[in-house]
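Enquirer: This is the structure I want to talk about, given as structure tokens.
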Amino acid sequence: MDELKKVERKLTKKDYFVVSSMLFALFFGAGNLIFPLHLGQLAGHNWFIATLGFLITGVVLPLLSIMAIALTRSEGVYDIGLPLGAGFAVTFMALIHATIGPFFGTPRTATVSFTVGIAPFVGKGNEQLALLIYSALFFGAACWISYNEKDILNRLGKVLNPIFLLLLFLVFLVAMINPLGSASAGHATSAYANTGSAFLNGFLEGYNTMDALAGLAFGITVVTAIKQLGKKEDRSVAVVTARSGILGMGAVAVIYFFLILIGAMSLGKFTLSADGGVAFSQIVQHYAGAVGQAILATLMTITCLTTAVGLVAAFGQDFHKHFPRFSYRFWLFMSSFASFLIANVGLNEIIAWSTPFLMFLYPLSMVLIVLSVMAPIIKKNSTVYFFTVLFTVPPALLDFINALPDIARNQAWAQALLKVRSVLPLSDVGMSWLLPALIGLMIGLVLFFVKKKQVSKQA
């Protein structure tokens, strides 16, 4: 241990800043811009209460996912599920990477940046061809930046992210100096009419960022980058991961606050928009016209590209580690190419089919993150994990069915299962899994402490 410490490099403040900047860049994509902005419009005068709910799933939970990686000294999402066995771990890893990766999350980085930033410059009737060209260039760039693993830290933390932050700071500065209206005067929609519903809907809106899932998947990318800076010992890597995570997610929280605030203020000038992308476009065009739209296009492309880099790299690293027959670059190319193909299906279809998977995977991820944070107490005990997950999965599957597009949700078998779901507490707010998960956790903890007490007596 002492010999390892001697050869380890002591990180400077600049190193911590670069790692934090990389973490921020990995997490902050287009959804992180448009969802909180739209939340501000939906919540109106209840924007602050909605912000508190949103910050739990949009900031605290992703931070806990990073802490879970640090506390358990894991390298990625596979290790988080390992207490339940290798089969569960690899299945969970594949589901997470498929959802935030080539099936939904990664294609969304291209479609959102195109729809919000580029499409307004494209003539009607040419959108599909333009999206095809844009997505090919977009994922080609993401694949190129991720091609050499050692370059990811420098290209994200030192180059792309500072450019993004500068442009976003300019948007905030203008919006604060010349506000569109009073945030406290905006009308709240029915879903956000009272403080309780505003908080719960803000909480659920945070699912759309996918950041809690991303935090687990990005673990291997972060650990690899930290080791390249000279940290070799597991404990040192864990400490750097935790400190950098707090700095990076702190910056995310500040930006969310201002985005939601600006969204609420925008109701003084505009009516409720169809989505956050439309709202963002309206705001920048109001302040700066075509120049503002060009800035928005640049902003969206950069932030989406940095997230896409993290997603395709994490996919390649994790799949190469567990399926080493194929190289990192093979998996990287497969993820990039599949994302390119699905991106051209269109943004609306991607969002419609991603929501059910988020409603299933978020509860499962939340309980695994909490259990990982409890690792110093429960020592990754498989009994605690088993009962907690056992009680979480069935209601989470029912939430999955409830969130399916109507073509699937209206099937007879689905309606029969949804009748069962309707009797569960909190099912009306999409959290029918919460009480069963707590019951499972309590059963697991009781069994764990009883067995621990028996062992101590025998000793």
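By order of appearance in the structure tokens: chains A, B, ..., then residues from 1 within every chain, and ligands from 1 in the order shown.
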If we count only C-alpha atoms, what is near Met249 of chain A at a cut-off of 12 Å, once residues fewer than 4 positions away on the same chain are taken out, given as a ChimeraX atom specification?
Expert: /A:19-28,55-67,211-212,215,241-245,253-256
Enquirer: Could you list, as a ChimeraX atom specification, every residue within 10 Å of Phe270 of chain A, counting only C-alpha atoms and ignoring same-chain residues fewer than 4 positions away?
Expert: /A:41,180-181,263,265-266,279,282-283
Enquirer: Given the choices A:Val112, A:Ala274, A:Ala98, A:Ala396, which gets closest to Cys304 of chain A if the distance is worked out from only C-alpha atoms?
Expert: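 Nearest candidate to Cys304 of chain A out of A:Val112, A:Ala274, A:Ala98, A:Ala396: A:Val112.
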Enquirer: Using DSSP on the backbone coordinates, identify all residues within segment 237-412 of chain A classified as alpha helix (DSSP H); present the result as a ChimeraX atom specification.
Expert: /A:237-265,276-322,328-343,347-373,375-378,382-402,406-409,412
Enquirer: Looking at A:Trp433, A:Phe326, A:Phe138, A:Phe172, which one is nearest to Leu364 of chain A, with distances taken over only C-alpha atoms?
Expert: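 The closest residue to Leu364 of chain A is A:Trp433.
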Enquirer: Which one of A:Ser182, A:Ala188, A:Lys10, A:Leu368 sits closest to Tyr78 of chain A if you count only C-alpha atoms?
Expert: A:Leu368
Enquirer: Find the spatial neighbours of Leu424 of chain A, counting only C-alpha atoms, within a cut-off of 12 Å - ignore same-chain residues fewer than 4 positions away - and output them as a short mmCIF file (atom, residue, chain, number, x, y, z; two decimals) with all heavy atoms, in the first residue's frame.
Expert:
data_model
loop_
_atom_site.label_atom_id
_atom_site.label_comp_id
_atom_site.auth_asym_id
_atom_site.auth_seq_id
_atom_site.Cartn_x
_atom_site.Cartn_y
_atom_site.Cartn_z
N PRO A 394 -41.79 -5.73 -9.59
CA PRO A 394 -43.17 -5.86 -10.09
C PRO A 394 -43.90 -4.53 -10.27
O PRO A 394 -44.47 -4.27 -11.35
CB PRO A 394 -43.84 -6.75 -9.04
CG PRO A 394 -42.72 -7.55 -8.47
CD PRO A 394 -41.56 -6.61 -8.42
N PRO A 395 -43.94 -3.63 -9.25
CA PRO A 395 -44.62 -2.35 -9.49
C PRO A 395 -43.93 -1.48 -10.53
O PRO A 395 -44.59 -0.72 -11.25
CB PRO A 395 -44.62 -1.68 -8.12
CG PRO A 395 -43.54 -2.34 -7.35
CD PRO A 395 -43.48 -3.75 -7.86
N ALA A 396 -42.60 -1.59 -10.64
CA ALA A 396 -41.89 -0.84 -11.66
C ALA A 396 -42.28 -1.33 -13.05
O ALA A 396 -42.40 -0.53 -13.99
CB ALA A 396 -40.37 -0.96 -11.46
N LEU A 398 -45.21 -2.54 -13.78
CA LEU A 398 -46.56 -2.00 -14.00
C LEU A 398 -46.49 -0.53 -14.42
O LEU A 398 -47.27 -0.09 -15.27
CB LEU A 398 -47.39 -2.14 -12.72
CG LEU A 398 -47.74 -3.58 -12.31
CD1 LEU A 398 -48.49 -3.59 -10.98
CD2 LEU A 398 -48.56 -4.29 -13.39
N ASP A 399 -45.54 0.24 -13.84
CA ASP A 399 -45.34 1.63 -14.28
C ASP A 399 -44.85 1.67 -15.72
O ASP A 399 -45.19 2.58 -16.48
CB ASP A 399 -44.34 2.33 -13.35
CG ASP A 399 -44.96 2.70 -12.01
OD1 ASP A 399 -46.20 2.68 -11.90
OD2 ASP A 399 -44.20 3.01 -11.07
N LEU A 417 -53.60 -5.69 -16.21
CA LEU A 417 -52.50 -5.46 -15.26
C LEU A 417 -52.58 -4.07 -14.64
O LEU A 417 -52.23 -3.89 -13.47
CB LEU A 417 -51.16 -5.65 -15.97
CG LEU A 417 -50.80 -7.08 -16.35
CD1 LEU A 417 -49.53 -7.12 -17.20
CD2 LEU A 417 -50.60 -7.93 -15.09
N LEU A 418 -53.06 -3.11 -15.41
CA LEU A 418 -53.16 -1.74 -14.89
C LEU A 418 -54.24 -1.62 -13.81
O LEU A 418 -54.17 -0.73 -12.96
CB LEU A 418 -53.43 -0.76 -16.03
CG LEU A 418 -52.26 -0.56 -16.99
CD1 LEU A 418 -52.63 0.41 -18.10
CD2 LEU A 418 -51.02 -0.06 -16.26
N LYS A 419 -55.23 -2.50 -13.83
CA LYS A 419 -56.24 -2.53 -12.76
C LYS A 419 -55.58 -2.94 -11.45
O LYS A 419 -55.93 -2.43 -10.38
CB LYS A 419 -57.37 -3.49 -13.12
CG LYS A 419 -58.28 -2.98 -14.22
CD LYS A 419 -59.40 -3.97 -14.52
CE LYS A 419 -60.29 -3.45 -15.65
NZ LYS A 419 -61.37 -4.44 -15.97
N VAL A 420 -54.62 -3.86 -11.54
CA VAL A 420 -53.86 -4.27 -10.35
C VAL A 420 -53.03 -3.10 -9.85
O VAL A 420 -52.96 -2.82 -8.65
CB VAL A 420 -52.95 -5.47 -10.67
CG1 VAL A 420 -52.10 -5.83 -9.45
CG2 VAL A 420 -53.78 -6.66 -11.12
N ASP A 428 -51.06 6.87 -8.69
CA ASP A 428 -51.58 7.99 -9.47
C ASP A 428 -50.52 9.03 -9.78
O ASP A 428 -50.71 9.87 -10.66
CB ASP A 428 -52.75 8.66 -8.73
CG ASP A 428 -52.36 9.10 -7.32
OD1 ASP A 428 -51.50 8.44 -6.71
OD2 ASP A 428 -52.93 10.10 -6.84
N VAL A 429 -49.38 8.97 -9.07
CA VAL A 429 -48.28 9.91 -9.36
C VAL A 429 -47.06 9.19 -9.92
O VAL A 429 -45.95 9.73 -9.94
CB VAL A 429 -47.89 10.72 -8.10
CG1 VAL A 429 -49.02 11.65 -7.71
CG2 VAL A 429 -47.49 9.81 -6.94
N GLY A 430 -47.23 7.95 -10.38
CA GLY A 430 -46.15 7.22 -11.04
C GLY A 430 -45.08 6.70 -10.10
O GLY A 430 -43.96 6.42 -10.52
N MET A 431 -45.42 6.52 -8.80
CA MET A 431 -44.43 6.05 -7.85
C MET A 431 -44.98 4.86 -7.04
O MET A 431 -44.77 4.75 -5.83
CB MET A 431 -44.01 7.18 -6.91
CG MET A 431 -43.31 8.31 -7.63
SD MET A 431 -42.78 9.65 -6.55
CE MET A 431 -41.52 8.81 -5.59
N SER A 432 -45.66 3.96 -7.73
CA SER A 432 -46.25 2.80 -7.06
C SER A 432 -45.20 1.85 -6.50
O SER A 432 -45.49 1.01 -5.65
CB SER A 432 -47.15 2.04 -8.04
OG SER A 432 -46.40 1.59 -9.16
N TRP A 433 -43.96 2.01 -6.92
CA TRP A 433 -42.86 1.15 -6.48
C TRP A 433 -42.33 1.53 -5.10
O TRP A 433 -41.66 0.72 -4.44
CB TRP A 433 -41.70 1.23 -7.47
CG TRP A 433 -41.17 2.63 -7.62
CD1 TRP A 433 -41.62 3.58 -8.48
CD2 TRP A 433 -40.13 3.24 -6.86
NE1 TRP A 433 -40.93 4.76 -8.31
CE2 TRP A 433 -40.01 4.57 -7.32
CE3 TRP A 433 -39.29 2.80 -5.83
CZ2 TRP A 433 -39.08 5.47 -6.79
CZ3 TRP A 433 -38.36 3.69 -5.30
CH2 TRP A 433 -38.26 5.00 -5.77
N LEU A 434 -42.57 2.75 -4.65
CA LEU A 434 -41.87 3.29 -3.48
C LEU A 434 -42.16 2.51 -2.20
O LEU A 434 -41.23 2.06 -1.50
CB LEU A 434 -42.24 4.77 -3.29
CG LEU A 434 -41.50 5.49 -2.15
CD1 LEU A 434 -40.00 5.42 -2.34
CD2 LEU A 434 -41.97 6.94 -2.05
N LEU A 435 -43.44 2.32 -1.86
CA LEU A 435 -43.79 1.61 -0.62
C LEU A 435 -43.32 0.15 -0.66
O LEU A 435 -42.73 -0.33 0.32
CB LEU A 435 -45.29 1.71 -0.36
CG LEU A 435 -45.76 1.11 0.97
CD1 LEU A 435 -45.07 1.80 2.14
CD2 LEU A 435 -47.29 1.24 1.10
N PRO A 436 -43.58 -0.60 -1.76
CA PRO A 436 -43.06 -1.97 -1.82
C PRO A 436 -41.54 -2.04 -1.67
O PRO A 436 -41.02 -2.94 -1.00
CB PRO A 436 -43.49 -2.45 -3.21
CG PRO A 436 -44.70 -1.65 -3.52
CD PRO A 436 -44.44 -0.30 -2.93
#
Enquirer: Can you tell me how far atom CA of Pro376 of chain A sits from atom CA of Leu71 of chain A, in Å to one decimal?
Expert: 7.8 Å
Enquirer: Separation of atom CA of Ala214 of chain A and atom CA of Ser339 of chain A, in Å?
Expert: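 Straight-line distance from atom CA of Ala214 of chain A to atom CA of Ser339 of chain A works out to 16.0 Å.
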